[in-house]
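Text of the file work01.txt, holding compact mmCIF, C-alpha atoms:
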```txt
# COMPACT_ATOMS: atom_id res chain seq x y z
CA MET A 29 125.86 85.46 93.53
CA GLN A 30 127.42 83.45 96.34
CA SER A 31 128.45 79.90 95.52
CA VAL A 32 128.31 77.14 98.11
CA PRO A 33 130.59 74.07 97.80
CA VAL A 34 128.67 70.79 97.79
CA LEU A 35 129.94 67.51 99.26
CA ASP A 36 128.34 64.10 99.16
CA SER A 37 127.78 61.95 102.23
CA ASN A 38 131.38 60.66 101.94
CA GLN A 39 132.86 64.20 101.88
CA ARG A 40 133.69 63.99 98.16
CA PRO A 41 133.31 67.38 96.38
CA LEU A 42 130.60 67.89 93.77
CA MET A 43 129.74 70.91 91.64
CA PRO A 44 128.90 73.97 93.78
CA THR A 45 125.41 75.40 94.03
CA THR A 46 123.83 78.76 94.87
CA LEU A 47 123.16 79.92 98.40
CA ASN A 48 119.38 80.02 97.90
CA ARG A 49 119.31 76.45 96.62
CA ALA A 50 121.48 75.28 99.50
CA ILE A 51 119.02 76.87 101.95
CA ARG A 52 116.10 75.09 100.26
CA TRP A 53 118.00 71.80 100.52
CA LYS A 54 118.48 72.39 104.22
CA GLN A 55 114.80 73.20 104.78
CA SER A 56 113.72 70.02 102.97
CA GLY A 57 116.27 67.88 104.80
CA LYS A 58 118.14 67.10 101.61
CA ALA A 59 121.38 68.66 102.85
CA THR A 60 123.13 69.89 105.97
CA LEU A 61 124.91 73.25 106.01
CA PHE A 62 128.21 73.51 107.84
CA TYR A 63 131.45 75.50 107.82
CA LYS A 64 134.71 73.99 106.60
CA LYS A 65 137.67 76.18 107.60
CA GLY A 66 135.44 79.25 107.50
CA VAL A 67 133.63 78.55 104.20
CA LEU A 68 129.92 77.66 104.17
CA CYS A 69 129.38 74.21 102.61
CA ALA A 70 126.43 71.89 101.94
CA ARG A 71 126.66 68.16 102.65
CA LEU A 72 124.04 66.07 100.87
CA ASN A 73 122.06 63.62 102.97
CA VAL A 74 120.79 61.83 99.85
CA GLU A 75 122.40 60.40 96.75
CA PRO A 76 123.13 63.22 94.25
CA SER A 77 121.09 63.25 91.05
CA ALA A 78 124.28 63.43 88.96
CA ARG A 79 128.02 63.39 89.50
CA LEU A 80 129.07 65.08 86.27
CA THR A 81 131.52 67.92 86.84
CA GLN A 82 132.79 70.81 84.75
CA PRO A 83 136.51 71.61 84.44
CA ILE A 84 137.51 73.70 87.45
CA ALA A 85 140.88 75.43 87.69
CA VAL A 86 142.74 76.97 90.61
CA GLY A 87 144.82 79.97 89.62
CA ILE A 88 147.78 80.70 91.91
CA ASP A 89 149.70 83.97 92.08
CA PRO A 90 152.67 83.45 94.45
CA GLY A 91 154.17 86.33 96.39
CA SER A 92 156.63 87.12 99.14
CA LYS A 93 154.08 88.79 101.47
CA ARG A 94 150.64 88.07 99.97
CA GLU A 95 149.38 85.39 97.58
CA GLY A 96 146.27 84.98 95.46
CA PHE A 97 144.15 81.88 94.76
CA THR A 98 141.07 81.71 92.52
CA VAL A 99 138.72 78.76 91.97
CA LYS A 100 136.87 79.11 88.67
CA SER A 101 134.95 77.23 85.99
CA ALA A 102 133.78 78.42 82.58
CA SER A 103 130.45 79.55 84.04
CA CYS A 104 131.34 81.01 87.43
CA THR A 105 134.10 82.25 89.73
CA TYR A 106 133.48 80.34 92.92
CA LEU A 107 136.11 81.66 95.31
CA ASN A 108 138.88 84.25 95.53
CA VAL A 109 141.39 83.87 98.36
CA GLN A 110 144.19 86.19 99.40
CA THR A 111 146.56 84.70 101.95
CA HIS A 112 149.33 86.11 104.10
CA ALA A 113 152.60 84.27 103.52
CA VAL A 114 154.40 82.38 106.28
CA ASP A 115 157.33 84.74 106.79
CA TRP A 116 158.42 84.23 110.40
CA VAL A 117 160.34 80.95 110.13
CA LYS A 118 163.65 82.50 109.07
CA ASP A 119 163.82 84.77 112.14
CA ALA A 120 162.73 81.94 114.43
CA GLU A 121 165.43 79.63 113.09
CA GLU A 122 168.05 82.32 113.54
CA ALA A 123 166.95 82.93 117.14
CA SER A 124 167.00 79.22 118.00
CA THR A 125 170.47 78.84 116.44
CA ASN A 126 171.86 81.73 118.46
CA MET A 127 170.36 80.39 121.68
CA ARG A 128 171.77 76.92 121.03
CA ARG A 129 175.26 78.35 120.41
CA ALA A 130 175.03 80.42 123.60
CA ARG A 131 174.16 77.36 125.66
CA ARG A 132 177.43 75.71 124.67
CA PHE A 133 179.39 78.50 126.36
CA ARG A 134 177.57 78.16 129.66
CA LYS A 135 178.58 75.71 132.37
CA THR A 136 175.57 73.50 131.88
CA PRO A 137 175.10 69.95 130.61
CA CYS A 138 174.77 69.96 126.85
CA ARG A 139 175.20 67.62 123.94
CA LYS A 140 178.20 67.75 121.63
CA PRO A 141 177.77 69.55 118.30
CA ARG A 142 176.36 67.23 115.68
CA PHE A 143 176.86 67.15 111.97
CA ASN A 144 175.10 70.05 110.30
CA ARG A 145 171.89 68.32 109.29
CA LYS A 146 170.50 71.46 107.67
CA ARG A 147 172.92 71.27 104.76
CA GLY A 148 171.22 70.27 101.54
CA GLY A 149 167.51 69.91 100.89
CA ILE A 150 165.13 72.84 101.37
CA PRO A 151 165.81 75.48 104.04
CA PRO A 152 163.12 75.56 106.76
CA SER A 153 161.91 79.07 105.87
CA THR A 154 161.55 78.23 102.18
CA LYS A 155 159.87 74.90 102.86
CA ALA A 156 157.38 76.52 105.25
CA ARG A 157 156.33 78.98 102.54
CA TRP A 158 155.69 76.29 99.94
CA GLN A 159 154.02 73.98 102.47
CA TRP A 160 151.60 76.79 103.27
CA LYS A 161 150.67 77.09 99.57
CA LEU A 162 150.17 73.33 99.40
CA ARG A 163 147.91 73.40 102.48
CA ILE A 164 145.68 75.97 100.79
CA CYS A 165 145.55 73.89 97.60
CA ASN A 166 144.65 70.73 99.52
CA TRP A 167 141.91 72.63 101.35
CA LEU A 168 140.45 73.87 98.04
CA THR A 169 140.45 70.37 96.55
CA LYS A 170 138.32 69.21 99.49
CA LEU A 171 135.71 71.85 98.61
CA PHE A 172 135.71 71.72 94.80
CA PRO A 173 136.35 68.99 92.17
CA VAL A 174 139.54 70.65 90.93
CA THR A 175 140.73 69.65 87.47
CA ALA A 176 143.90 71.70 87.11
CA PHE A 177 146.25 74.15 88.82
CA VAL A 178 147.62 77.13 86.89
CA VAL A 179 150.61 78.75 88.60
CA GLU A 180 152.53 81.88 87.68
CA ASP A 181 156.08 80.59 87.48
CA ILE A 182 158.59 82.60 89.48
CA LYS A 183 162.30 82.42 88.84
CA ALA A 184 165.33 83.09 91.00
CA LYS A 185 168.13 85.38 89.88
CA THR A 186 171.04 83.31 88.62
CA PHE A 187 173.42 86.17 87.83
CA LYS A 188 174.82 88.14 90.77
CA ASN A 189 177.99 90.19 91.26
CA GLY A 190 179.36 89.10 87.93
CA ARG A 191 178.94 85.39 88.68
CA GLN A 192 176.61 82.89 87.05
CA TRP A 193 174.94 80.47 89.47
CA ASN A 194 173.34 77.12 88.83
CA VAL A 195 169.59 77.65 88.82
CA MET A 196 169.08 74.77 91.27
CA PHE A 197 171.48 76.43 93.69
CA SER A 198 168.63 78.74 94.72
CA PRO A 199 166.38 77.56 97.58
CA LEU A 200 163.48 79.20 95.74
CA GLU A 201 163.94 76.94 92.74
CA VAL A 202 164.28 73.83 94.91
CA GLY A 203 161.14 74.71 96.88
CA LYS A 204 159.23 75.54 93.72
CA GLN A 205 160.00 72.20 92.12
CA TRP A 206 158.97 70.42 95.32
CA PHE A 207 155.65 72.30 95.22
CA TYR A 208 155.08 71.50 91.54
CA SER A 209 155.71 67.78 92.07
CA ALA A 210 153.16 67.77 94.91
CA LEU A 211 150.55 69.51 92.75
CA ARG A 212 151.05 67.05 89.89
CA ARG A 213 150.02 64.24 92.22
CA ILE A 214 146.70 66.02 92.81
CA ALA A 215 145.65 67.34 89.39
CA ILE A 216 146.95 68.70 86.07
CA LEU A 217 149.57 71.43 86.43
CA HIS A 218 150.18 74.34 84.06
CA THR A 219 152.72 77.13 84.57
CA LEU A 220 152.78 80.53 82.90
CA GLN A 221 155.56 83.08 82.96
CA GLY A 222 155.05 86.48 84.53
CA HIS A 223 155.03 88.30 81.18
CA GLU A 224 152.38 85.88 79.89
CA THR A 225 150.14 86.67 82.86
CA SER A 226 150.66 90.38 82.22
CA GLU A 227 149.73 90.00 78.55
CA LEU A 228 146.55 88.10 79.42
CA ARG A 229 145.63 90.76 81.97
CA ASN A 230 146.19 93.57 79.47
CA GLN A 231 144.13 91.79 76.80
CA LEU A 232 141.17 91.78 79.19
CA GLY A 233 141.71 95.41 80.15
CA LEU A 234 142.42 94.60 83.80
CA LYS A 235 144.82 96.47 86.05
CA LYS A 236 146.84 95.23 88.99
CA SER A 237 147.20 97.42 92.06
CA LYS A 238 150.69 98.51 93.08
CA GLN A 239 149.65 98.36 96.74
CA LYS A 240 150.33 94.66 97.14
CA LEU A 241 149.58 94.50 100.88
CA THR A 242 145.97 95.72 100.62
CA GLY A 243 143.09 93.26 100.89
CA VAL A 244 141.50 94.02 97.51
CA PHE A 245 140.86 91.91 94.44
CA GLU A 246 143.27 93.95 92.28
CA ALA A 247 146.24 93.26 94.60
CA HIS A 248 146.81 89.56 93.80
CA CYS A 249 143.56 87.81 92.94
CA VAL A 250 143.28 89.64 89.63
CA ASP A 251 146.30 87.63 88.44
CA SER A 252 145.07 84.35 89.94
CA TRP A 253 141.71 84.97 88.23
CA VAL A 254 143.42 85.59 84.89
CA LEU A 255 145.40 82.35 85.27
CA ALA A 256 142.29 80.32 86.08
CA ASN A 257 140.34 81.96 83.23
CA TRP A 258 143.17 81.08 80.83
CA TYR A 259 142.40 77.41 81.46
CA THR A 260 138.59 77.45 81.76
CA GLU A 261 137.82 80.53 79.59
CA GLY A 262 134.19 81.75 79.66
CA HIS A 263 134.66 85.36 80.85
CA ASP A 264 135.96 88.66 79.50
CA LYS A 265 135.94 90.29 82.93
CA PRO A 266 135.73 89.04 86.52
CA ASP A 267 132.20 88.03 87.49
CA ASN A 268 133.06 87.80 91.20
CA THR A 269 135.52 90.14 92.93
CA LYS A 270 134.58 89.24 96.49
CA LEU A 271 137.46 87.59 98.32
CA ILE A 272 138.34 86.12 101.66
CA VAL A 273 141.60 86.96 103.44
CA ILE A 274 143.36 84.14 105.28
CA VAL A 275 146.06 84.75 107.88
CA PRO A 276 147.99 81.71 109.18
CA LEU A 277 148.22 81.38 112.94
CA ARG A 278 151.65 81.01 114.49
CA PHE A 279 152.13 78.22 117.01
CA HIS A 280 155.17 77.70 119.24
CA ARG A 281 155.51 73.94 119.25
CA ARG A 282 159.14 73.10 119.91
CA GLN A 283 160.49 75.91 122.05
CA LEU A 284 161.38 74.28 125.38
CA HIS A 285 161.36 77.46 127.48
CA ARG A 286 161.47 81.21 127.23
CA PHE A 287 164.67 82.81 125.97
CA GLN A 288 165.05 85.08 128.98
CA PRO A 289 164.90 83.74 132.57
CA SER A 290 162.46 85.17 135.08
CA LYS A 291 163.19 86.02 138.73
CA GLY A 292 165.52 83.53 140.35
CA GLY A 293 167.06 82.51 137.04
CA VAL A 294 164.18 80.15 136.23
CA ARG A 295 163.20 79.74 132.58
CA SER A 296 159.46 79.05 132.49
CA PRO A 297 158.17 76.40 130.04
CA TYR A 298 157.06 77.71 126.67
CA GLY A 299 155.96 76.14 123.43
CA VAL A 300 152.80 74.04 123.74
CA THR A 301 149.69 73.99 121.55
CA MET A 302 147.10 73.14 124.22
CA SER A 303 145.28 75.65 126.43
CA GLU A 304 143.45 74.05 129.37
CA GLY A 305 142.57 71.05 127.23
CA PHE A 306 141.63 73.05 124.10
CA LYS A 307 143.68 73.05 120.92
CA ARG A 308 145.14 76.47 120.26
CA GLY A 309 143.77 78.08 117.13
CA GLY A 310 140.60 76.02 117.37
CA ILE A 311 137.25 77.67 116.73
CA ALA A 312 135.01 77.89 119.79
CA ARG A 313 131.84 79.58 120.98
CA HIS A 314 131.64 81.75 124.09
CA PRO A 315 128.38 83.08 125.60
CA LYS A 316 129.75 86.65 125.71
CA TYR A 317 132.19 86.90 122.79
CA GLY A 318 130.49 84.62 120.28
CA VAL A 319 132.51 82.58 117.77
CA VAL A 320 136.23 83.06 118.42
CA TYR A 321 139.50 81.18 118.21
CA ILE A 322 141.50 79.94 121.19
CA GLY A 323 144.80 81.52 122.18
CA GLY A 324 147.08 80.93 125.13
CA ALA A 325 146.28 80.13 128.75
CA SER A 326 147.42 81.35 132.16
CA LYS A 327 146.34 80.54 135.72
CA GLY A 328 143.50 78.33 134.59
CA LYS A 329 142.00 80.95 132.23
CA VAL A 330 141.99 80.94 128.41
CA SER A 331 142.61 83.79 125.94
CA LEU A 332 140.05 84.27 123.16
CA HIS A 333 140.71 86.11 119.88
CA SER A 334 138.61 87.56 117.07
CA LEU A 335 138.44 85.45 113.92
CA GLN A 336 138.31 88.53 111.69
CA THR A 337 141.03 90.74 113.17
CA GLY A 338 143.02 88.45 115.49
CA LYS A 339 142.55 90.96 118.33
CA ARG A 340 142.56 89.42 121.79
CA LEU A 341 139.12 89.76 123.32
CA THR A 342 139.83 88.43 126.79
CA GLN A 343 142.43 86.65 128.87
CA GLY A 344 140.03 85.44 131.53
CA ALA A 345 137.65 83.04 129.81
CA LYS A 346 136.67 80.07 131.96
CA PRO A 347 137.14 76.66 130.27
CA THR A 348 133.64 75.64 131.40
CA ASP A 349 132.13 78.51 129.36
CA ILE A 350 133.89 77.51 126.13
CA LYS A 351 132.27 75.18 123.60
CA PHE A 352 134.85 73.81 121.18
CA LEU A 353 133.58 73.71 117.58
CA SER A 354 136.41 72.64 115.27
CA PHE A 355 140.16 72.54 114.83
CA ASN A 356 141.68 75.45 112.96
CA SER A 357 145.08 76.84 111.93
CA TRP A 358 144.20 80.21 110.38
CA ARG A 359 141.85 83.13 110.78
CA LEU A 360 139.62 84.30 107.96
CA ALA A 361 137.72 87.45 107.01
CA GLU A 362 135.51 88.32 104.03
CA VAL A 363 136.11 91.54 102.12
CA GLY A 364 134.91 93.02 98.84
CA GLU A 365 131.52 93.01 97.19
```

How would this structure read if it were set down as structure tokens?
Amino acid sequence: MQSVPVLDSNQRPLMPTTLNRAIRWKQSGKATLFYKKGVLCARLNVEPSARLTQPIAVGIDPGSKREGFTVKSASCTYLNVQTHAVDWVKDAEEASTNMRRARRFRKTPCRKPRFNRKRGGIPPSTKARWQWKLRICNWLTKLFPVTAFVVEDIKAKTFKNGRQWNVMFSPLEVGKQWFYSALRRIAILHTLQGHETSELRNQLGLKKSKQKLTGVFEAHCVDSWVLANWYTEGHDKPDNTKLIVIVPLRFHRRQLHRFQPSKGGVRSPYGVTMSEGFKRGGIARHPKYGVVYIGGASKGKVSLHSLQTGKRLTQGAKPTDIKFLSFNSWRLAEVGE
């Protein structure tokens, strides 16, 4: 049974409803159906009959490559989400550092080296990972009246090569605490250790797949479901194993030009987020390719990509044929039953 998030006229989340009821609301003019970041939602055009809500928890299973999120109440599992982690920032930072150092050896105007402003705080790669988790959580709170977050607590190794390190020396621990403090400002936060999640999963007779990179419920969402069910209770086995897979889109915002010069020693500009007036990553409709997302641009033409696979469909779309629908920063596909 598919659940549809319900919002009031002021975009405040209410308790979800069924797909059939949402269709009846649309036919009677009581609600308007629309997509919010790829998820079908219903916006009421009238005052809701009640605003009472049940406790809803978001279970979070962090990971280095894939991560699981589950939105659940005592009566129903509303949404399972598996996301790809943001894992390209470290390599990008290393490349930009090497290019900056190389520029200082060339006979070209350049600024003097500044104080190392990266020392202290959260490294960019670590912060990008935890910011991505927070973006998903904020998106879910705009769809559902979330009561609590339940996160599987991950810990950094503090003993290495015979030396004991301060736990807060690890960027993982610093980023994790930053993430937890942000969640506490949104709703109640609970954390469970990895062995506690495993015990809960074994008590319910559930198994976790060892193939962590596959887009199946047992890869990560089984743990996020167990965490959410620990808070809301109500089920002895998952009632909804269908999930959506979200892949973040990578944008080149701050790169001034290409690393390698073209003919004549000219470095062409590189690193914008607009394509012929359209925001890159935005969802658009094309008469031939249907609903797509916008990629790069060249010689007055725009690249269009598939929302499900990310495959480039064309490089020669005319801007006049494109109808922009909404801003977007990830691509989404539904899998499972």

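One finds CA of Thr105 in chain A at 20.8 Å from CA of Ile214 in chain A.
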
Query - Between CA of Ala210 in chain A and CA of Phe62 in chain A - distance in Å to one decimal - result: 28.7 Å

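When all atoms listed in the file are used to measure the gap to Pro44 in chain A, the shortest distance among A:Ser56, A:Ser101, A:Asn126, A:Asn108 belongs to A:Ser101.
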
Query raised in the report: Residues at most 8 Å from Gly222 in chain A, counting only C-alpha atoms, excluding those fewer than 2 positions away in the same chain, as a ChimeraX atom specification?
Result: /A:180-182,220,224-226

Query - Å distance separating CA of Ala361 in chain A from CA of Pro173 in chain A, one decimal place - result: 23.7 Å

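The closest residue to Arg157 in chain A, picked from A:Pro33, A:Pro199, A:Gly323, A:Gly292 and counting only C-alpha atoms, is A:Pro199.
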
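The nearest approach to Lys204 in chain A among the residues A:Thr169, A:Cys104, A:Gln110, A:Thr154, with only C-alpha atoms taken into account, belongs to A:Thr154.
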
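With all atoms listed in the file as the atoms that count, the residue of A:Gly57, A:Pro41, A:Pro315, A:Gly149 with the shortest distance to Gln205 in chain A is A:Gly149.
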
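Ranking A:Pro83, A:Pro297, A:Gly262, A:Gly243 by their shortest atom-to-atom distance to Thr175 in chain A, with all atoms listed in the file included, puts A:Pro83 first.
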
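Nearest residue to Val319 in chain A, choosing from A:Ser354, A:Thr125, A:Gln288, A:Asn257 and counting all atoms listed in the file: A:Ser354.
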
Which protein, DNA or RNA residues are at most 12 Å from (121.1, 67.4, 91.7) in the file's coordinates when you count all atoms listed in the file, listed as a CSV table (one decimal) with C-alpha atoms, in the coordinates of the input?
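Just written: out.csv:
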```csv
chain,number,residue,atom,x,y,z
A,34,VAL,CA,128.7,70.8,97.8
A,35,LEU,CA,129.9,67.5,99.3
A,36,ASP,CA,128.3,64.1,99.2
A,42,LEU,CA,130.6,67.9,93.8
A,43,MET,CA,129.7,70.9,91.6
A,44,PRO,CA,128.9,74.0,93.8
A,45,THR,CA,125.4,75.4,94.0
A,49,ARG,CA,119.3,76.4,96.6
A,50,ALA,CA,121.5,75.3,99.5
A,53,TRP,CA,118.0,71.8,100.5
A,58,LYS,CA,118.1,67.1,101.6
A,59,ALA,CA,121.4,68.7,102.8
A,72,LEU,CA,124.0,66.1,100.9
A,73,ASN,CA,122.1,63.6,103.0
A,74,VAL,CA,120.8,61.8,99.8
A,75,GLU,CA,122.4,60.4,96.8
A,76,PRO,CA,123.1,63.2,94.2
A,77,SER,CA,121.1,63.2,91.0
A,78,ALA,CA,124.3,63.4,89.0
A,79,ARG,CA,128.0,63.4,89.5
A,80,LEU,CA,129.1,65.1,86.3
A,81,THR,CA,131.5,67.9,86.8
```

Requested in this report: Counting all atoms listed in the file, note down every residue that has an atom within 9 Å of the point (138.3, 72.7, 94.6) (file coordinates), as a PyMOL selection string.
Outcome: chain A and resi 33+41+84-86+99-100+165-175

Requested in this report: Skip His285 in chain A itself and residues of its chain fewer than 6 positions away, then list as a PyMOL selection string all residues within 9 Å of it, counting all atoms listed in the file.
Outcome: chain A and resi 295-299

Query - Nearby residues (only C-alpha atoms) at most 12 Å from Tyr208 in chain A, same-chain spacing under 6 positions excluded, as a PyMOL selection string - result: chain A and resi 88+158-159+161-162+165+177-182+201-202+214-219
